[in-house]
>>> print(open('coords12.cif').read())   # mmCIF, C-alpha atoms
data_query
loop_
_atom_site.label_atom_id
_atom_site.label_comp_id
_atom_site.auth_asym_id
_atom_site.auth_seq_id
_atom_site.Cartn_x
_atom_site.Cartn_y
_atom_site.Cartn_z
CA MET A 1 -14.48 -8.32 16.45
CA LYS A 2 -14.46 -11.85 17.83
CA CYS A 3 -12.06 -13.94 15.78
CA LYS A 4 -13.59 -17.15 14.40
CA ASN A 5 -10.16 -18.74 14.50
CA CYS A 6 -9.00 -18.19 18.09
CA GLY A 7 -12.19 -16.90 19.75
CA LYS A 8 -10.45 -13.77 21.03
CA ASN A 9 -11.55 -10.19 20.46
CA HIS A 10 -9.25 -8.38 18.04
CA ASP A 11 -9.46 -4.61 17.80
CA LEU A 12 -7.76 -2.67 15.03
CA THR A 13 -5.97 0.64 14.56
CA ILE A 14 -6.14 2.16 11.08
CA CYS A 15 -3.45 4.69 10.21
CA PHE A 16 -4.01 7.45 7.64
CA VAL A 17 -2.01 10.50 6.55
CA TYR A 18 -3.49 13.49 4.72
CA HIS A 19 -1.82 16.61 3.36
CA SER A 20 -4.58 18.81 1.92
CA PRO A 21 -8.34 19.46 2.22
CA GLU A 22 -8.86 17.30 -0.87
CA ALA A 23 -6.89 14.45 0.66
CA LYS A 24 -8.97 14.82 3.83
CA ALA A 25 -12.14 14.42 1.73
CA LEU A 26 -10.79 11.15 0.33
CA LEU A 27 -9.89 10.01 3.84
CA ASP A 28 -13.41 10.76 5.10
CA ALA A 29 -14.94 8.84 2.19
CA ASN A 30 -12.72 5.88 3.00
CA ARG A 31 -13.67 5.99 6.68
CA ARG A 32 -17.39 6.08 5.87
CA PHE A 33 -16.99 3.15 3.49
CA ILE A 34 -15.11 1.06 6.07
CA GLU A 35 -17.70 1.79 8.76
CA GLU A 36 -20.46 0.77 6.35
CA MET A 37 -18.77 -2.44 5.21
CA ASP A 38 -17.23 -3.60 8.51
CA PRO A 39 -19.61 -2.33 11.22
CA ALA A 40 -18.68 -4.99 13.80
CA MET A 41 -15.00 -4.05 13.78
CA ASN A 42 -13.89 -1.94 16.74
CA ILE A 43 -11.54 0.57 15.11
CA GLN A 44 -9.22 3.17 16.57
CA TRP A 45 -8.45 5.77 13.89
CA LEU A 46 -5.00 7.38 13.87
CA ILE A 47 -4.58 10.30 11.50
CA ALA A 48 -1.48 12.39 10.82
CA ASP A 49 -2.34 15.89 9.64
CA ASN A 50 0.42 16.78 7.19
CA THR A 51 -1.17 20.06 6.08
CA PRO A 52 0.85 23.20 6.83
CA GLU A 53 -1.66 24.15 9.55
CA GLY A 54 -1.62 20.64 11.01
CA ARG A 55 2.15 20.55 11.24
CA LYS A 56 2.10 23.74 13.29
CA ALA A 57 -0.17 22.19 15.93
CA THR A 58 1.61 21.57 19.23
CA GLN A 59 -0.60 18.79 20.61
CA HIS A 60 -2.53 15.84 19.29
CA ARG A 61 -6.28 15.83 19.79
CA GLN A 62 -8.86 13.10 20.20
CA GLU A 63 -12.36 13.15 18.78
CA GLY A 64 -14.13 9.98 19.95
CA SER A 65 -12.32 7.02 18.37
CA VAL A 66 -10.19 9.34 16.21
CA ILE A 67 -6.77 10.58 17.29
CA ILE A 68 -5.32 13.33 15.10
CA VAL A 69 -1.57 13.81 15.38
CA PRO A 70 0.42 16.83 14.16
CA GLY A 71 2.14 15.73 10.98
CA ALA A 72 5.65 15.96 9.61
CA GLU A 73 7.50 18.88 8.12
CA MET A 74 8.26 18.80 4.41
CA PRO A 75 11.88 17.54 4.31
CA MET A 76 13.54 20.27 2.29
CA ASP A 77 16.95 18.64 2.83
CA LYS A 78 15.91 15.73 0.58
CA PRO A 79 16.01 15.67 -3.24
CA ALA A 80 12.95 17.44 -4.69
CA TYR A 81 11.64 14.29 -6.44
CA ALA A 82 11.59 12.39 -3.14
CA ARG A 83 10.18 15.00 -0.75
CA ARG A 84 6.53 13.93 -1.05
CA SER A 85 7.47 10.32 -0.26
CA TYR A 86 9.50 11.35 2.79
CA HIS A 87 6.73 13.70 3.89
CA HIS A 88 4.12 10.93 3.78
CA ALA A 89 6.44 8.35 5.36
CA ARG A 90 7.33 10.58 8.28
CA GLY A 91 3.66 11.25 8.89
CA LEU A 92 3.18 7.48 9.18
CA ASN A 93 6.18 7.18 11.49
CA LYS A 94 4.63 9.77 13.80
CA LEU A 95 1.57 7.53 14.25
CA LEU A 96 3.41 4.37 15.32
CA PRO A 97 3.84 5.29 19.03
CA TYR A 98 0.05 5.74 19.35
CA ILE A 99 -0.86 2.20 18.23
CA GLN A 100 -2.20 0.20 21.18
CA THR A 101 -4.12 -2.63 19.50
CA ARG A 102 -2.68 -5.97 18.44
CA TYR A 103 -3.51 -5.40 14.80
CA ALA A 104 -2.80 -2.26 12.82
CA LEU A 105 -3.61 -1.32 9.24
CA VAL A 106 -1.61 1.31 7.36
CA LEU A 107 -3.84 2.45 4.52
CA ASP A 108 -3.54 5.01 1.75
CA ILE A 109 -6.49 7.38 1.80
CA ASP A 110 -7.39 6.30 -1.75
CA PHE A 111 -7.03 2.54 -1.25
CA PHE A 112 -10.49 1.04 -0.68
CA ILE A 113 -10.98 -2.46 0.78
CA LEU A 114 -14.07 -3.61 -1.07
CA PRO A 115 -15.59 -6.83 0.41
CA ARG A 116 -18.15 -6.71 3.16
CA GLU A 117 -16.23 -7.54 6.35
CA GLY A 118 -13.07 -7.67 4.26
CA ILE A 119 -10.99 -6.24 7.12
CA THR A 120 -12.42 -8.81 9.52
CA ALA A 121 -11.58 -11.61 7.06
CA SER A 122 -8.05 -10.25 6.65
CA ILE A 123 -7.36 -10.32 10.38
CA GLU A 124 -8.83 -13.80 10.75
CA HIS A 125 -6.62 -14.93 7.86
CA MET A 126 -3.57 -13.51 9.65
CA CYS A 127 -4.51 -15.16 12.94
CA ARG A 128 -5.23 -18.54 11.35
CA ASN A 129 -1.98 -18.58 9.37
CA ASN A 130 0.33 -16.98 11.92
CA LEU A 131 1.09 -14.03 9.63
CA ALA A 132 3.08 -11.00 10.67
CA PHE A 133 2.05 -8.98 7.58
CA PHE A 134 -0.77 -9.07 5.06
CA GLY A 135 -1.88 -6.66 2.38
CA ALA A 136 -1.35 -5.37 -1.14
CA PRO A 137 2.03 -5.24 -2.89
CA TYR A 138 3.05 -2.55 -5.32
CA HIS A 139 1.28 -3.00 -8.62
CA PRO A 140 3.74 -4.68 -11.03
CA LYS A 141 3.33 -2.02 -13.71
CA HIS A 142 5.57 0.01 -11.41
CA TYR A 143 8.52 -2.20 -12.28
CA ARG A 144 11.00 -0.06 -10.35
CA LYS A 145 9.34 -1.04 -7.04
CA VAL A 146 10.02 -4.18 -4.99
CA ARG A 147 7.83 -7.25 -5.54
CA TYR A 148 6.25 -10.05 -3.52
CA PHE A 149 5.73 -8.14 -0.27
CA PRO A 150 2.79 -6.04 1.00
CA CYS A 151 3.50 -2.31 0.96
CA GLN A 152 2.19 0.78 2.72
CA HIS A 153 -0.74 1.20 0.32
CA CYS A 154 -2.54 -1.46 2.39
CA LEU A 155 -0.47 -3.11 5.09
CA PHE A 156 -1.84 -5.12 8.03
CA VAL A 157 0.61 -5.71 10.89
CA ASP A 158 0.35 -8.08 13.86
CA THR A 159 2.13 -6.14 16.62
CA ASP A 160 2.40 -9.29 18.75
CA LYS A 161 4.90 -10.49 16.14
CA ILE A 162 6.37 -7.22 14.93
CA ALA A 163 7.75 -4.67 17.37
CA LEU A 164 6.53 -1.21 16.37
CA ASP A 165 9.95 0.31 16.95
CA THR A 166 11.31 -1.87 14.12
CA LEU A 167 8.96 -0.25 11.60
CA ASP A 168 10.28 2.63 9.54
CA PHE A 169 8.48 4.01 6.50
CA ASP A 170 11.23 6.38 5.35
CA PRO A 171 12.25 5.81 1.73
CA GLN A 172 15.87 4.90 1.08
CA VAL A 173 16.78 7.55 -1.45
CA PRO A 174 20.53 8.06 -2.01
CA GLU A 175 21.82 11.23 -0.47
CA ILE A 176 23.09 13.94 -2.81
CA ARG A 177 26.80 13.43 -3.08
CA SER A 178 29.66 14.85 -5.09
CA LYS A 179 30.11 13.29 -8.49
CA PRO A 180 31.87 9.91 -8.43
CA ALA A 181 35.16 9.37 -10.18
CA LEU A 182 35.12 9.59 -13.97
CA LYS A 183 35.85 5.86 -14.31
CA SER A 184 32.81 4.93 -12.17
CA ARG A 185 30.55 7.30 -14.10
CA ILE A 186 31.63 5.87 -17.43
CA ALA A 187 31.09 2.28 -16.23
CA ARG A 188 27.61 3.13 -14.95
CA LYS A 189 26.69 4.90 -18.17
CA ILE A 190 27.79 1.93 -20.29
CA LYS A 191 25.75 -0.39 -18.08
CA LYS A 192 22.66 1.77 -18.51
CA GLN A 193 23.17 1.95 -22.26
CA ILE A 194 23.39 -1.84 -22.55
CA ILE A 195 20.56 -2.75 -20.20
CA GLY A 196 18.34 0.30 -20.76
CA PRO A 197 15.34 0.84 -18.42
CA ARG A 198 15.84 -2.67 -17.03
CA TYR A 199 18.70 -1.18 -15.05
CA ARG A 200 15.97 0.26 -12.77
CA VAL A 201 13.91 -2.90 -12.17
CA GLY A 202 13.29 -3.19 -8.43
CA GLN A 203 15.70 -0.36 -7.67
CA THR A 204 13.36 2.37 -6.36
CA PHE A 205 13.44 1.94 -2.59
CA ASP A 206 10.30 3.91 -1.86
CA THR A 207 8.14 4.41 1.25
CA GLY A 208 8.39 1.47 3.65
CA TYR A 209 11.48 -0.05 2.05
CA PRO A 210 13.23 -0.52 5.43
CA ILE A 211 10.37 -2.85 6.45
CA TYR A 212 10.85 -4.94 3.31
CA GLN A 213 14.60 -4.92 3.83
CA ARG A 214 14.28 -6.01 7.47
CA TYR A 215 11.68 -8.77 7.09
CA TYR A 216 11.54 -10.06 3.51
CA ARG A 217 14.36 -12.56 3.89
CA ASP A 218 13.80 -13.40 7.56
CA SER A 219 12.27 -16.89 7.69
CA HIS A 220 10.98 -16.30 11.23
CA TYR A 221 8.20 -14.09 9.87
CA LYS A 222 5.37 -15.03 7.54
CA TRP A 223 3.34 -12.77 5.29
CA ASP A 224 0.80 -13.00 2.51
CA TYR A 225 -0.52 -10.64 -0.14
CA VAL A 226 -3.49 -10.16 -2.41
CA ASN A 227 -2.98 -10.28 -6.17
CA PRO A 228 -2.71 -7.26 -8.47
CA VAL A 229 -5.01 -7.41 -11.50
CA TRP A 230 -2.77 -7.23 -14.55
CA ASP A 231 -3.32 -8.77 -17.94
CA ALA A 232 0.08 -7.87 -19.35
CA ARG A 233 1.51 -10.24 -21.94
CA PRO A 234 5.30 -10.45 -21.86
CA SER A 235 7.19 -11.05 -25.06
CA PHE A 236 8.87 -14.39 -25.77
CA PHE A 237 12.23 -12.76 -25.04
CA GLU A 238 11.05 -11.72 -21.55
CA HIS A 239 10.77 -15.35 -20.41
CA PHE A 240 14.53 -15.81 -20.64
CA LEU A 241 15.44 -12.84 -18.47
CA PRO A 242 16.21 -13.14 -14.75
CA GLU A 243 13.88 -11.46 -12.25
CA ARG A 244 16.31 -8.62 -11.73
CA LEU A 245 16.01 -7.55 -15.39
CA SER A 246 12.42 -8.49 -16.12
CA PHE A 247 9.63 -5.94 -16.40
CA TYR A 248 7.23 -8.76 -15.47
CA PRO A 249 7.11 -10.72 -12.19
CA LYS A 250 8.33 -14.30 -12.58
CA ARG A 251 6.00 -15.86 -9.99
CA LYS A 252 3.07 -17.17 -11.97
CA THR A 253 0.58 -16.78 -9.11
CA TYR A 254 1.54 -13.18 -8.35
CA VAL A 255 -0.81 -11.37 -10.74
CA TYR A 256 -4.43 -12.06 -11.67
CA PRO A 257 -5.48 -11.62 -15.31
CA LEU A 258 -9.23 -10.99 -14.95
CA SER A 259 -10.69 -7.55 -14.28
CA PHE A 260 -13.51 -6.86 -11.82
CA ALA A 261 -15.92 -6.47 -14.73
CA THR A 262 -14.91 -9.85 -16.17
CA LEU A 263 -15.56 -11.40 -12.76
CA GLY A 264 -19.07 -9.92 -12.76
CA TYR A 265 -18.45 -7.04 -10.35
CA PRO A 266 -18.54 -3.27 -10.88
CA GLY A 267 -15.96 -2.26 -13.44
CA ASP A 268 -13.02 -0.06 -12.65
CA ASP A 269 -12.07 1.41 -16.02
CA SER A 270 -13.47 4.89 -15.39
CA LEU A 271 -11.15 5.47 -12.44
CA ASN A 272 -8.06 4.12 -14.19
CA GLY A 273 -6.60 2.89 -10.90
CA GLU A 274 -5.13 -0.39 -9.69
CA ALA A 275 -7.33 -3.35 -8.77
CA TYR A 276 -6.50 -6.26 -6.46
CA VAL A 277 -8.19 -9.62 -5.96
CA TRP A 278 -8.08 -12.19 -3.18
CA ASN A 279 -8.70 -15.76 -4.28
CA GLY A 280 -10.54 -14.64 -7.37
CA LEU A 281 -12.73 -12.02 -5.67
CA PRO A 282 -12.33 -8.22 -5.66
CA PHE A 283 -10.38 -7.12 -2.60
CA GLY A 284 -9.11 -3.60 -3.09
CA TYR A 285 -8.99 -0.66 -5.43
CA HIS A 286 -6.26 1.97 -5.40
CA VAL A 287 -7.35 5.14 -7.14
CA ARG A 288 -3.75 6.36 -7.37
CA ASP A 289 -4.66 9.85 -8.61
CA SER A 290 -2.62 12.06 -6.32
CA THR A 291 -4.87 14.79 -5.02
CA HIS A 292 -2.79 17.60 -6.54
CA LYS A 293 -3.63 16.09 -9.95
CA MET A 294 -7.32 15.83 -9.02
CA LEU A 295 -7.69 19.51 -8.09
CA ARG A 296 -8.87 20.65 -11.51
CA ASN A 297 -11.84 18.28 -11.40
CA PHE A 298 -11.96 17.13 -7.80
CA ASP A 299 -15.74 17.24 -7.26
CA ALA A 300 -16.39 15.14 -10.37
CA LYS A 301 -13.68 12.68 -9.35
CA MET A 302 -15.16 12.27 -5.87
CA LYS A 303 -18.59 11.73 -7.39
CA THR A 304 -17.16 8.92 -9.54
CA ILE A 305 -15.40 7.34 -6.55
CA ASN A 306 -18.52 7.48 -4.37
CA SER A 307 -20.61 5.99 -7.17
CA PHE A 308 -18.10 3.16 -7.54
CA LEU A 309 -18.18 2.45 -3.78
CA GLN A 310 -21.97 2.54 -3.63
CA LYS A 311 -22.10 -0.34 -6.10
CA PHE A 312 -20.14 -2.49 -3.65
CA ILE A 313 -22.36 -1.40 -0.77
CA LYS A 314 -25.50 -2.41 -2.67
CA ASN A 315 -24.05 -5.62 -4.13
CA PRO A 316 -21.23 -6.55 -1.76
CA VAL A 317 -18.43 -9.01 -2.26
CA LEU A 318 -18.91 -11.72 0.36
CA LEU A 319 -15.88 -13.64 1.56
CA THR A 320 -16.50 -17.08 3.02
CA ALA A 321 -14.16 -19.57 4.69
CA SER A 322 -14.23 -21.76 1.60
CA GLN A 323 -13.18 -18.85 -0.62
CA ILE A 324 -10.27 -17.83 1.57
CA LYS A 325 -7.87 -20.57 0.51
CA GLU A 326 -4.82 -21.26 2.58
#
>>> encode(input="coords12.cif", output="structure tokens")
Amino acid sequence: MKCKNCGKNHDLTICFVYHSPEAKALLDANRRFIEEMDPAMNIQWLIADNTPEGRKATQHRQEGSVIIVPGAEMPMDKPAYARRSYHHARGLNKLLPYIQTRYALVLDIDFFILPREGITASIEHMCRNNLAFFGAPYHPKHYRKVRYFPCQHCLFVDTDKIALDTLDFDPQVPEIRSKPALKSRIARKIKKQIIGPRYRVGQTFDTGYPIYQRYYRDSHYKWDYVNPVWDARPSFFEHFLPERLSFYPKRKTYVYPLSFATLGYPGDDSLNGEAYVWNGLPFGYHVRDSTHKMLRNFDAKMKTINSFLQKFIKNPVLLTASQIKE
């Protein structure tokens, strides 16, 4: 693509990881949708094959603009609840050395960027505003996750500003240790009893946390994010709590209260996923149904997803310079 901001040609690498035939079907649907909606974008596809067969492959292979890389082993040395996150993260880490374009996009297979030329607009927005990162943050209903920073669900990176060897998608899950001293355990238990679930707000350091930790507080780097759609209504009591203990983000411009349907676009209720807007227009939709949960009714689920995407192909969201506010 030729950037309207700087006049240069910006190519893009999109990074995916899949771990089953069903996940591969979602990936393929996402690829077809991107190629339909952003045909002028020159894309290099990087895919980590995290299936058991893919992990046994000894060499990567290239099929046109697609490079498929042998994926990561399931990390059996990690706690059981965290293994899937580590597995996915290490698949992403395996792709980083293959990125050769200035811009890269790390994308979940079930996160769909909806506007026509939405990827092009995202890169132009980054170029115009000197951004190192752009994308979608964790949805705030997941109150244990970090806020106010784009995450690996949809993460654009300008590699002219961010060295690839500084990126690490590994979660930061505490290692299994021997039980702490009785005094420490009692103090922690009392704290949990007093605070309750709020003890966990922002304390799950999931996939990509090292990137957040490295760059969030560094003023040399700029980033921006699209807004999660969330019409939650905090109680009066919630307004008096600090960010660290609040189930609801304190930044008033962080979430957007109107659904796609309310905005006059195809509704999203049937998929029960997470919607994102950019300056009042639909930007992305994260299905969020892990494929192992979709197995019982996978064909019907894919039919619903494809029907949803077709509505945006036929009646696309069009981003203009006036709508992309700075």
>>> atom_distance(input="coords12.cif", atom1="atom CA of A:Pro228", atom2="atom CA of A:Thr101")
28.4 Å
>>> closest_residue(input="coords12.cif", among="A:Glu274, A:Asp108, A:Asp231, A:Asp160", to="A:Leu131", atoms="only C-alpha atoms")
A:Asp160
>>> resolve_selection(input="coords12.cif", expression="the PyMOL selection byres ((chain A and resi 209) around 8)", output="list in words")
Phe169, Asp170, Pro171, Gln172, Phe205, Asp206, Thr207, Gly208, Pro210, Ile211, Tyr212 and Gln213 of chain A
>>> atom_distance(input="coords12.cif", atom1="atom CA of A:Ile43", atom2="atom CA of A:Gln62")
13.8 Å
>>> residues_near_point(input="coords12.cif", point="(-11.0, 7.7, 15.0)", cutoff="7 Å", atoms="all atoms listed in the file", output="NGL selection string")
:A and (44-46 or 63-67)
>>> residues_near_point(input="coords12.cif", point="(6.5, -6.3, -13.8)", cutoff="9 Å", atoms="all atoms listed in the file", output="list in words")
His139, Pro140, Lys141, His142, Tyr143, Arg144, Arg147, Val201, Ala232, Ser246, Phe247, Tyr248, Pro249 and Lys250 of chain A
>>> write_last_selection(input="coords12.cif", atoms="C-alpha atoms", output="compact mmCIF listing (two decimals), in the frame of the given file")
# COMPACT_ATOMS: atom_id res chain seq x y z
CA HIS A 139 1.28 -3.00 -8.62
CA PRO A 140 3.74 -4.68 -11.03
CA LYS A 141 3.33 -2.02 -13.71
CA HIS A 142 5.57 0.01 -11.41
CA TYR A 143 8.52 -2.20 -12.28
CA ARG A 144 11.00 -0.06 -10.35
CA ARG A 147 7.83 -7.25 -5.54
CA VAL A 201 13.91 -2.90 -12.17
CA ALA A 232 0.08 -7.87 -19.35
CA SER A 246 12.42 -8.49 -16.12
CA PHE A 247 9.63 -5.94 -16.40
CA TYR A 248 7.23 -8.76 -15.47
CA PRO A 249 7.11 -10.72 -12.19
CA LYS A 250 8.33 -14.30 -12.58
>>> closest_residue(input="coords12.cif", among="A:Val157, A:Ala136, A:Val277, A:Met302", to="A:Leu27", atoms="only C-alpha atoms")
A:Met302
>>> closest_residue(input="coords12.cif", among="A:Phe156, A:Tyr265, A:Phe149, A:Tyr98", to="A:Glu124", atoms="only C-alpha atoms")
A:Phe156
